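Chemist: Handing over target-v2.txt, compact mmCIF, C-alpha atoms and all ligand atoms.
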```txt
# COMPACT_ATOMS: atom_id res chain seq x y z
CA MET A 1 10.66 -18.02 41.37
CA SER A 2 7.62 -16.83 39.42
CA LYS A 3 6.69 -18.41 36.11
CA VAL A 4 8.94 -17.45 33.20
CA HIS A 5 8.44 -17.94 29.48
CA VAL A 6 11.66 -18.61 27.60
CA PHE A 7 11.93 -17.45 23.98
CA ASN A 8 15.71 -17.69 23.63
CA ALA A 9 17.05 -17.97 20.06
CA GLY A 10 19.65 -20.56 21.01
CA PRO A 11 20.63 -22.45 23.01
CA CYS A 12 16.95 -23.20 23.11
CA LEU A 13 14.48 -24.19 25.73
CA LEU A 14 14.26 -27.97 26.17
CA PRO A 15 11.34 -29.96 27.60
CA GLN A 16 11.29 -30.56 31.35
CA ALA A 17 11.43 -34.33 30.76
CA VAL A 18 14.80 -33.80 29.04
CA TYR A 19 16.19 -31.78 31.94
CA ASP A 20 15.00 -34.42 34.41
CA ALA A 21 16.50 -37.34 32.49
CA SER A 22 19.77 -35.43 32.14
CA ILE A 23 19.99 -34.75 35.87
CA GLU A 24 19.40 -38.45 36.56
CA ALA A 25 22.06 -39.50 34.07
CA ILE A 26 24.59 -37.12 35.56
CA LYS A 27 24.08 -38.91 38.84
CA ASP A 28 23.95 -42.42 37.44
CA PHE A 29 23.99 -43.41 33.78
CA LYS A 30 21.66 -46.38 33.15
CA GLY A 31 22.34 -47.96 36.52
CA THR A 32 26.06 -48.31 35.82
CA GLY A 33 26.94 -46.33 38.94
CA VAL A 34 28.94 -43.99 36.68
CA SER A 35 27.85 -40.48 35.67
CA VAL A 36 27.16 -39.90 31.97
CA LEU A 37 29.83 -37.19 32.27
CA SER A 38 32.40 -39.85 33.07
CA ILE A 39 31.16 -42.88 31.18
CA SER A 40 33.58 -44.36 28.67
CA HIS A 41 32.32 -43.93 25.14
CA ARG A 42 33.56 -47.48 24.48
CA THR A 43 31.06 -49.10 26.86
CA LYS A 44 28.08 -51.13 25.70
CA GLU A 45 25.72 -48.77 27.56
CA TRP A 46 27.04 -45.76 25.69
CA GLU A 47 26.99 -47.50 22.34
CA GLU A 48 23.33 -48.27 22.91
CA THR A 49 22.57 -44.58 23.43
CA MET A 50 24.53 -43.67 20.32
CA ASN A 51 22.66 -46.29 18.27
CA GLU A 52 19.33 -45.23 19.69
CA CYS A 53 20.02 -41.60 18.79
CA ARG A 54 20.97 -42.49 15.22
CA ALA A 55 17.92 -44.72 14.86
CA LEU A 56 15.61 -42.00 16.20
CA TRP A 57 16.86 -39.47 13.67
CA LYS A 58 16.18 -42.00 10.92
CA GLU A 59 12.75 -42.84 12.28
CA LEU A 60 11.54 -39.32 13.00
CA LEU A 61 12.60 -37.90 9.64
CA HIS A 62 11.88 -41.08 7.67
CA ILE A 63 15.44 -40.98 6.34
CA PRO A 64 15.65 -43.23 3.27
CA GLU A 65 18.22 -45.95 2.56
CA GLY A 66 21.54 -44.63 1.33
CA TYR A 67 21.81 -41.86 3.91
CA GLU A 68 23.79 -41.83 7.14
CA VAL A 69 23.57 -39.61 10.19
CA VAL A 70 26.69 -38.40 11.99
CA PHE A 71 27.20 -36.39 15.17
CA LEU A 72 30.20 -34.12 15.54
CA GLY A 73 31.52 -31.27 17.63
CA GLY A 74 32.53 -27.86 16.36
CA GLY A 75 29.19 -26.14 15.78
CA ALA A 76 27.26 -25.43 12.60
CA SER A 77 29.90 -22.83 11.78
CA LEU A 78 32.48 -25.58 11.34
CA GLU A 79 29.99 -27.46 9.16
CA PHE A 80 30.26 -24.58 6.68
CA LEU A 81 33.84 -25.67 6.13
CA TYR A 82 33.01 -29.41 6.12
CA VAL A 83 30.45 -28.87 3.36
CA ALA A 84 32.91 -27.13 1.04
CA MET A 85 35.73 -29.56 1.84
CA ASN A 86 33.60 -32.62 1.07
CA PHE A 87 31.44 -31.43 -1.83
CA LEU A 88 33.04 -28.48 -3.63
CA GLU A 89 35.05 -29.47 -6.68
CA LYS A 90 34.40 -26.91 -9.45
CA LYS A 91 31.67 -24.52 -8.44
CA ALA A 92 28.93 -24.11 -5.84
CA ALA A 93 26.10 -21.60 -5.42
CA TYR A 94 24.75 -20.22 -2.16
CA LEU A 95 21.42 -18.55 -1.55
CA ASP A 96 22.35 -15.56 0.58
CA THR A 97 19.40 -15.14 2.92
CA GLY A 98 21.12 -13.82 6.01
CA VAL A 99 24.16 -13.75 8.25
CA TRP A 100 24.49 -17.54 8.57
CA ALA A 101 24.00 -18.14 4.85
CA HIS A 102 26.59 -15.48 4.12
CA LYS A 103 29.09 -17.01 6.53
CA ALA A 104 28.60 -20.41 4.91
CA LEU A 105 29.36 -18.83 1.51
CA LYS A 106 32.47 -17.06 2.79
CA GLU A 107 33.82 -20.28 4.21
CA ALA A 108 33.33 -22.06 0.87
CA GLN A 109 35.10 -19.22 -0.94
CA GLY A 110 38.19 -20.02 1.08
CA ILE A 111 38.13 -23.53 -0.42
CA GLY A 112 37.08 -23.02 -4.04
CA GLU A 113 34.70 -21.21 -6.38
CA ALA A 114 31.46 -20.29 -4.68
CA TYR A 115 29.07 -17.41 -5.29
CA ALA A 116 25.74 -15.97 -4.16
CA ILE A 117 23.08 -17.07 -6.66
CA ALA A 118 20.62 -14.56 -5.17
CA CYS A 119 20.66 -12.30 -2.16
CA SER A 120 18.02 -10.52 -0.09
CA LYS A 121 20.33 -8.06 1.64
CA ASP A 122 18.69 -5.16 -0.25
CA ARG A 123 15.78 -5.34 2.20
CA ASN A 124 17.74 -6.42 5.26
CA TYR A 125 17.12 -10.11 4.53
CA SER A 126 13.39 -9.75 5.21
CA TYR A 127 12.42 -12.16 2.41
CA VAL A 128 13.64 -15.24 0.56
CA PRO A 129 14.60 -14.62 -3.11
CA LYS A 130 12.67 -16.87 -5.48
CA ASP A 131 13.37 -15.78 -9.05
CA PHE A 132 16.71 -17.25 -9.88
CA GLU A 133 17.94 -19.86 -12.32
CA VAL A 134 20.02 -22.75 -11.05
CA PRO A 135 22.77 -23.63 -13.57
CA GLU A 136 23.16 -27.36 -14.14
CA ASP A 137 26.92 -27.45 -13.74
CA LEU A 138 26.98 -26.73 -10.01
CA ASP A 139 28.43 -29.17 -7.49
CA TYR A 140 25.63 -28.09 -5.18
CA LEU A 141 23.24 -25.35 -4.17
CA HIS A 142 23.40 -24.39 -0.49
CA ILE A 143 20.35 -22.99 1.29
CA THR A 144 19.59 -21.97 4.86
CA THR A 145 16.03 -23.13 5.41
CA ASN A 146 15.38 -20.96 8.44
CA ASN A 147 16.99 -17.58 8.91
CA THR A 148 17.14 -17.42 12.67
CA ILE A 149 17.97 -13.72 12.89
CA TYR A 150 15.45 -12.36 10.36
CA GLY A 151 12.55 -14.75 10.88
CA THR A 152 12.22 -15.98 7.31
CA GLU A 153 11.92 -19.62 6.36
CA ILE A 154 11.83 -21.91 3.35
CA ARG A 155 9.13 -24.31 4.47
CA GLU A 156 8.97 -26.50 1.41
CA ASP A 157 11.47 -29.03 0.17
CA TRP A 158 12.60 -27.70 -3.18
CA ASP A 159 12.95 -29.74 -6.33
CA CYS A 160 16.43 -28.91 -7.43
CA LYS A 161 18.29 -30.22 -10.45
CA VAL A 162 21.65 -30.01 -8.71
CA PRO A 163 22.53 -31.51 -5.30
CA LEU A 164 20.82 -29.51 -2.58
CA ILE A 165 22.56 -28.94 0.76
CA ALA A 166 20.66 -27.31 3.60
CA ASP A 167 21.60 -25.73 6.90
CA MET A 168 18.54 -26.60 8.99
CA SER A 169 20.01 -25.56 12.33
CA SER A 170 16.97 -23.66 13.49
CA ASP A 171 14.05 -25.55 11.98
CA ILE A 172 15.07 -29.18 12.00
CA LEU A 173 12.43 -31.39 13.68
CA SER A 174 9.85 -28.59 13.43
CA ARG A 175 8.14 -30.11 10.40
CA PRO A 176 8.31 -33.24 8.22
CA VAL A 177 11.12 -33.05 5.66
CA ASP A 178 11.49 -35.03 2.44
CA VAL A 179 15.11 -36.00 3.02
CA SER A 180 15.38 -37.57 -0.43
CA LYS A 181 15.36 -34.08 -1.98
CA TYR A 182 18.63 -33.21 -0.25
CA THR A 183 22.18 -34.43 -0.64
CA MET A 184 22.86 -33.26 2.84
CA ILE A 185 21.09 -31.63 5.78
CA TYR A 186 23.03 -30.35 8.75
CA GLY A 187 22.87 -28.07 11.75
CA GLY A 188 23.80 -27.35 15.30
CA ALA A 189 21.58 -29.13 17.82
CA GLN A 190 21.08 -26.13 20.08
CA LYS A 191 18.24 -24.45 18.17
CA ASN A 192 15.71 -27.27 18.27
CA ALA A 193 17.33 -30.67 18.66
CA GLY A 194 19.21 -30.50 21.93
CA PRO A 195 21.92 -28.60 23.77
CA ALA A 196 24.98 -26.81 22.41
CA GLY A 197 28.07 -28.89 21.70
CA VAL A 198 26.92 -31.27 19.00
CA ILE A 199 25.96 -30.99 15.35
CA PHE A 200 24.04 -33.47 13.20
CA ALA A 201 24.67 -34.18 9.55
CA ILE A 202 22.39 -36.32 7.38
CA ILE A 203 24.44 -37.28 4.36
CA LYS A 204 23.69 -39.12 1.13
CA LYS A 205 26.57 -41.54 1.15
CA ASP A 206 27.15 -41.92 -2.57
CA ALA A 207 27.62 -38.15 -2.93
CA LEU A 208 30.86 -38.37 -0.98
CA GLY A 209 34.30 -39.11 -2.39
CA LYS A 210 33.86 -37.00 -5.53
CA VAL A 211 36.33 -34.23 -4.79
CA SER A 212 39.98 -34.45 -5.71
CA ARG A 213 41.48 -32.46 -2.83
CA TYR A 214 43.09 -34.00 0.21
CA ILE A 215 40.57 -33.82 3.06
CA PRO A 216 42.07 -33.85 6.56
CA THR A 217 40.88 -36.96 8.44
CA MET A 218 38.72 -35.11 10.94
CA LEU A 219 37.07 -33.01 8.21
CA ASP A 220 36.23 -35.99 6.03
CA TYR A 221 32.64 -37.15 6.54
CA ARG A 222 33.68 -40.65 5.47
CA THR A 223 35.83 -40.94 8.60
CA HIS A 224 32.83 -40.28 10.80
CA ILE A 225 30.45 -42.48 8.82
CA ASP A 226 32.94 -45.38 8.91
CA LYS A 227 33.54 -45.02 12.66
CA GLU A 228 29.86 -44.35 13.49
CA SER A 229 30.69 -40.89 14.90
CA MET A 230 33.25 -42.40 17.30
CA PHE A 231 36.50 -41.82 15.43
CA ASN A 232 37.46 -39.66 18.37
CA THR A 233 35.71 -38.94 21.67
CA PRO A 234 32.20 -37.76 20.77
CA PRO A 235 30.49 -34.97 22.76
CA VAL A 236 28.97 -37.62 25.02
CA PHE A 237 26.74 -35.49 27.21
CA SER A 238 25.42 -33.35 24.36
CA ILE A 239 24.51 -36.48 22.42
CA PHE A 240 22.81 -37.91 25.49
CA VAL A 241 20.64 -34.80 25.83
CA MET A 242 19.92 -34.74 22.10
CA ASN A 243 18.77 -38.37 22.31
CA GLU A 244 16.41 -37.48 25.16
CA THR A 245 15.07 -34.59 23.07
CA LEU A 246 14.38 -36.94 20.16
CA LYS A 247 12.63 -39.37 22.50
CA TRP A 248 10.43 -36.50 23.63
CA VAL A 249 9.60 -35.50 20.03
CA LYS A 250 8.61 -39.11 19.39
CA SER A 251 6.43 -39.18 22.51
CA ILE A 252 4.54 -36.11 21.23
CA GLY A 253 3.75 -37.94 17.99
CA GLY A 254 6.84 -37.21 15.88
CA VAL A 255 7.61 -34.27 13.62
CA GLU A 256 4.15 -34.46 12.05
CA ALA A 257 2.51 -33.73 15.40
CA MET A 258 5.20 -31.17 16.28
CA HIS A 259 4.43 -29.38 13.02
CA GLU A 260 0.74 -29.01 13.88
CA ILE A 261 1.61 -27.63 17.30
CA ASN A 262 4.18 -25.25 15.80
CA LEU A 263 1.76 -23.98 13.13
CA ARG A 264 -0.79 -23.14 15.79
CA LYS A 265 1.75 -21.35 18.00
CA ALA A 266 3.06 -19.30 15.08
CA LYS A 267 -0.45 -18.39 13.92
CA THR A 268 -1.39 -17.24 17.41
CA LEU A 269 1.54 -14.87 17.60
CA TYR A 270 1.40 -13.60 13.99
CA ASP A 271 -2.32 -12.96 14.32
CA GLU A 272 -1.66 -10.80 17.34
CA ILE A 273 1.21 -8.94 15.66
CA ASP A 274 -1.10 -8.19 12.71
CA ARG A 275 -4.03 -7.19 14.93
CA ASN A 276 -2.23 -5.18 17.59
CA SER A 277 -1.93 -1.48 16.66
CA LEU A 278 1.38 -1.15 18.50
CA PHE A 279 3.36 -3.80 16.63
CA THR A 280 4.26 -4.81 13.12
CA GLY A 281 6.03 -7.87 11.66
CA THR A 282 9.36 -7.50 9.85
CA ALA A 283 9.47 -10.56 7.56
CA ALA A 284 7.62 -10.79 4.23
CA VAL A 285 4.30 -12.47 5.05
CA GLU A 286 4.78 -15.36 2.59
CA ASP A 287 8.21 -16.16 4.04
CA ARG A 288 7.38 -15.94 7.73
CA SER A 289 9.22 -18.43 9.91
CA ILE A 290 7.27 -20.62 12.29
CA MET A 291 10.32 -20.83 14.57
CA ASN A 292 11.65 -17.28 14.96
CA ILE A 293 8.99 -14.59 14.98
CA CYS A 294 10.33 -11.05 14.52
CA PHE A 295 8.39 -7.85 15.15
CA VAL A 296 9.00 -4.19 15.88
CA MET A 297 6.94 -1.27 17.19
CA ALA A 298 4.46 0.03 14.59
CA PRO A 299 5.40 3.22 12.70
CA GLY A 300 4.89 6.20 15.00
CA ARG A 301 5.05 4.06 18.14
CA GLU A 302 8.80 3.40 18.15
CA ALA A 303 9.26 5.38 21.35
CA LEU A 304 7.49 2.61 23.27
CA GLN A 305 10.12 -0.03 22.51
CA ASP A 306 12.09 0.13 25.77
CA GLU A 307 8.91 0.36 27.78
CA PHE A 308 7.49 -2.78 26.18
CA MET A 309 10.76 -4.61 26.77
CA ALA A 310 10.59 -3.74 30.47
CA PHE A 311 6.86 -4.55 30.64
CA ALA A 312 7.39 -7.96 29.03
CA LYS A 313 10.27 -8.71 31.37
CA GLN A 314 8.10 -7.90 34.37
CA HIS A 315 5.59 -10.40 33.02
CA GLY A 316 8.19 -13.16 32.85
CA MET A 317 9.09 -13.00 29.14
CA ILE A 318 12.72 -13.99 28.61
CA GLY A 319 14.83 -13.68 25.46
CA ILE A 320 12.53 -11.57 23.27
CA LYS A 321 15.04 -8.89 22.34
CA GLY A 322 15.55 -8.87 18.57
CA HIS A 323 18.97 -9.44 17.07
CA ARG A 324 20.87 -6.15 16.83
CA SER A 325 20.75 -6.23 13.02
CA VAL A 326 16.92 -6.22 12.99
CA GLY A 327 16.10 -4.52 16.29
CA GLY A 328 12.75 -4.78 18.01
CA PHE A 329 11.70 -8.19 19.23
CA ARG A 330 12.14 -11.83 18.34
CA ALA A 331 10.26 -14.67 19.95
CA SER A 332 11.87 -18.01 19.18
CA VAL A 333 9.11 -20.56 19.49
CA TYR A 334 11.06 -23.78 19.03
CA ASN A 335 9.54 -27.19 19.72
CA ALA A 336 9.77 -27.04 23.52
CA CYS A 337 8.06 -23.64 23.70
CA THR A 338 4.41 -24.32 24.46
CA GLN A 339 1.13 -22.82 23.30
CA GLU A 340 0.79 -21.57 26.87
CA ASP A 341 4.06 -19.63 26.57
CA VAL A 342 2.84 -18.04 23.34
CA ASP A 343 -0.56 -17.24 24.86
CA ALA A 344 1.21 -15.51 27.75
CA LEU A 345 3.22 -13.33 25.35
CA VAL A 346 0.07 -12.45 23.40
CA ALA A 347 -1.74 -11.52 26.63
CA CYS A 348 1.18 -9.30 27.53
CA MET A 349 1.05 -7.53 24.13
CA ARG A 350 -2.70 -6.95 24.54
CA GLU A 351 -2.34 -5.55 28.01
CA PHE A 352 0.37 -3.22 26.80
CA GLU A 353 -1.86 -2.03 23.97
CA ASN A 354 -4.65 -1.29 26.43
CA LEU A 355 -2.28 0.87 28.45
CA HIS A 356 -1.38 2.86 25.35
CA LYS A 357 -4.67 3.19 23.46
CA GLN A 358 -4.67 6.53 21.67
C1 LIG B 401 22.95 -20.57 15.05
C2 LIG B 401 23.08 -20.90 13.64
C3 LIG B 401 24.31 -21.28 13.07
C4 LIG B 401 25.60 -21.31 13.84
O1 LIG B 401 25.63 -22.30 14.79
P1 LIG B 401 26.90 -22.54 15.72
O2 LIG B 401 26.64 -23.92 16.24
O3 LIG B 401 26.89 -21.48 16.76
O4 LIG B 401 28.13 -22.46 14.89
C5 LIG B 401 24.32 -21.63 11.73
N1 LIG B 401 23.21 -21.59 10.99
C6 LIG B 401 22.01 -21.23 11.50
C7 LIG B 401 20.80 -21.22 10.61
C8 LIG B 401 21.91 -20.87 12.84
O5 LIG B 401 20.72 -20.50 13.35
```
Represent the structure of the file as structure tokens.

Modeler:
Amino acid sequence: MSKVHVFNAGPCLLPQAVYDASIEAIKDFKGTGVSVLSISHRTKEWEETMNECRALWKELLHIPEGYEVVFLGGGASLEFLYVAMNFLEKKAAYLDTGVWAHKALKEAQGIGEAYAIACSKDRNYSYVPKDFEVPEDLDYLHITTNNTIYGTEIREDWDCKVPLIADMSSDILSRPVDVSKYTMIYGGAQKNAGPAGVIFAIIKKDALGKVSRYIPTMLDYRTHIDKESMFNTPPVFSIFVMNETLKWVKSIGGVEAMHEINLRKAKTLYDEIDRNSLFTGTAAVEDRSIMNICFVMAPGREALQDEFMAFAKQHGMIGIKGHRSVGGFRASVYNACTQEDVDALVACMREFENLHKQ
């Protein structure tokens, strides 16, 4: 097979070392003679992996005392419900910056009083609203730090006078994060931290237990903190692969080093989008994501869209079709996507421009 460059939005590309370790573990988990797919989650060998994974999250993100990390099934979409169940008592605000943010809000509205504090739907979610006042009586403010579909991102950790809860599904581990500014950070692993099938939640422990409703056992974060994410059978294989992904991030030099690499990749591609006469970016420049890079054909050149899609495919580019609500193209350049992959896409865009010089 010829060389391909994978820009899938999720599940994401993972490093080759992670695929290799996973194949090995499927055959034989840590020399036990048992596949990781069949290992009992009550064995010492498994508990070591679980502990290692938890410790790596804490190490890589410098998670302070007082926080715990849990791993659960159900996807980030189920987390929307968990958040409201565990933290919503009187009123919560949501920053509506896209489809995922909106879904999180809707889920909370099924539980209690929740509203959009600001919304960028007026310009198809191409920017992050900034001028809004946060009332002090909120249980929490919920933000989506990276808007996977629209390519906008909040890349700073906000100072917020109410508890801040963030869906970081698609930019976790892409940059250093000041965890102490958040009451909770959560997300699905499959955008940057591993395979589908597991979610992570980083929770400030003393923020729990403040709601008066009955929380079903499985939806109560305290259950999973108390049982170290093993109240029921955890998604063993997904956690194994996530752990390997974290080990790889550490081997690169941690999230600080990842961030430098990601900034360079994003700059390479945005510079080309801005330079190339055939393309134009869709996200507001100051809010551009370094993980999901969205672009469309330049005004007047829209007719070339299908041709570029076919041209890119011929050159080995995979997964660059934009989400249907934005159109055009989206290159997801998560951690495992290399500078070489980005350079190949840029070369392809240049070659296409040369073919269509007016
Ligand atoms: C993909 C995504 C989700 C949904 O994740 P699932 O695990 O499929 O439920 C939520 N939030 C963001 C920001 C995403 O990118």

Chemist: One decimal, Å: what's the distance from CA of Asp131 in chain A over to CA of Val296 in chain A, could you say?

Modeler: 27.8 Å

Chemist: If you count all atoms listed in the file, which residues end up within 10 Å of ligand LIG 401 (chain B), as number ranges by chain?

Modeler: A: 9-11, 73-80, 97-104, 143-149, 153, 166-172, 186-192, 196-199, 292

Chemist: Using only C-alpha atoms, give me every residue within 10 Å of (24.9, -37.1, 10.2) in file coordinates, as a ChimeraX atom specification.

Modeler: /A:54,57,67-72,184-187,199-204,221,224-225,228-229

Chemist: For C-alpha atoms, I'd like the residues from the last selection saved as an mmCIF file, in the coordinates of the input.

Modeler:
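Saved the output as out-v8.cif:
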```cif
data_model
loop_
_atom_site.group_PDB
_atom_site.id
_atom_site.type_symbol
_atom_site.label_atom_id
_atom_site.label_comp_id
_atom_site.auth_asym_id
_atom_site.auth_seq_id
_atom_site.Cartn_x
_atom_site.Cartn_y
_atom_site.Cartn_z
ATOM 1 C CA ARG A 54 20.970 -42.490 15.220
ATOM 2 C CA TRP A 57 16.860 -39.470 13.670
ATOM 3 C CA TYR A 67 21.810 -41.860 3.910
ATOM 4 C CA GLU A 68 23.790 -41.830 7.140
ATOM 5 C CA VAL A 69 23.570 -39.610 10.190
ATOM 6 C CA VAL A 70 26.690 -38.400 11.990
ATOM 7 C CA PHE A 71 27.200 -36.390 15.170
ATOM 8 C CA LEU A 72 30.200 -34.120 15.540
ATOM 9 C CA MET A 184 22.860 -33.260 2.840
ATOM 10 C CA ILE A 185 21.090 -31.630 5.780
ATOM 11 C CA TYR A 186 23.030 -30.350 8.750
ATOM 12 C CA GLY A 187 22.870 -28.070 11.750
ATOM 13 C CA ILE A 199 25.960 -30.990 15.350
ATOM 14 C CA PHE A 200 24.040 -33.470 13.200
ATOM 15 C CA ALA A 201 24.670 -34.180 9.550
ATOM 16 C CA ILE A 202 22.390 -36.320 7.380
ATOM 17 C CA ILE A 203 24.440 -37.280 4.360
ATOM 18 C CA LYS A 204 23.690 -39.120 1.130
ATOM 19 C CA TYR A 221 32.640 -37.150 6.540
ATOM 20 C CA HIS A 224 32.830 -40.280 10.800
ATOM 21 C CA ILE A 225 30.450 -42.480 8.820
ATOM 22 C CA GLU A 228 29.860 -44.350 13.490
ATOM 23 C CA SER A 229 30.690 -40.890 14.900
#
```

Chemist: For range 304-309 of chain A, please output as a PDB file with C-alpha atoms, in the frame of the given file all residues within 12 Å (counting only C-alpha atoms; exclusion window: fewer than 6 positions along the same chain).

Modeler:
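Listing of out-v9.pdb after writing:
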```
ATOM      1  CA  LEU A 278       1.380  -1.150  18.500  1.00  0.00           C
ATOM      2  CA  PHE A 279       3.360  -3.800  16.630  1.00  0.00           C
ATOM      3  CA  PHE A 295       8.390  -7.850  15.150  1.00  0.00           C
ATOM      4  CA  VAL A 296       9.000  -4.190  15.880  1.00  0.00           C
ATOM      5  CA  MET A 297       6.940  -1.270  17.190  1.00  0.00           C
ATOM      6  CA  ALA A 298       4.460   0.030  14.590  1.00  0.00           C
ATOM      7  CA  HIS A 315       5.590 -10.400  33.020  1.00  0.00           C
ATOM      8  CA  GLY A 316       8.190 -13.160  32.850  1.00  0.00           C
ATOM      9  CA  MET A 317       9.090 -13.000  29.140  1.00  0.00           C
ATOM     10  CA  ILE A 318      12.720 -13.990  28.610  1.00  0.00           C
ATOM     11  CA  GLY A 319      14.830 -13.680  25.460  1.00  0.00           C
ATOM     12  CA  ILE A 320      12.530 -11.570  23.270  1.00  0.00           C
ATOM     13  CA  LYS A 321      15.040  -8.890  22.340  1.00  0.00           C
ATOM     14  CA  GLY A 322      15.550  -8.870  18.570  1.00  0.00           C
ATOM     15  CA  GLY A 327      16.100  -4.520  16.290  1.00  0.00           C
ATOM     16  CA  GLY A 328      12.750  -4.780  18.010  1.00  0.00           C
ATOM     17  CA  PHE A 329      11.700  -8.190  19.230  1.00  0.00           C
ATOM     18  CA  ARG A 330      12.140 -11.830  18.340  1.00  0.00           C
ATOM     19  CA  LEU A 345       3.220 -13.330  25.350  1.00  0.00           C
ATOM     20  CA  CYS A 348       1.180  -9.300  27.530  1.00  0.00           C
ATOM     21  CA  MET A 349       1.050  -7.530  24.130  1.00  0.00           C
ATOM     22  CA  ARG A 350      -2.700  -6.950  24.540  1.00  0.00           C
ATOM     23  CA  GLU A 351      -2.340  -5.550  28.010  1.00  0.00           C
ATOM     24  CA  PHE A 352       0.370  -3.220  26.800  1.00  0.00           C
ATOM     25  CA  GLU A 353      -1.860  -2.030  23.970  1.00  0.00           C
ATOM     26  CA  LEU A 355      -2.280   0.870  28.450  1.00  0.00           C
ATOM     27  CA  HIS A 356      -1.380   2.860  25.350  1.00  0.00           C
TER      28      HIS A 356
END
```

Chemist: Measuring between only C-alpha atoms, which one of A:Val179, A:Ile111, A:Gly151, A:Val342 shows the shortest distance to Leu164 in chain A?

Modeler: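 Ranking A:Val179, A:Ile111, A:Gly151, A:Val342 by distance to Leu164 in chain A, first place goes to A:Val179.
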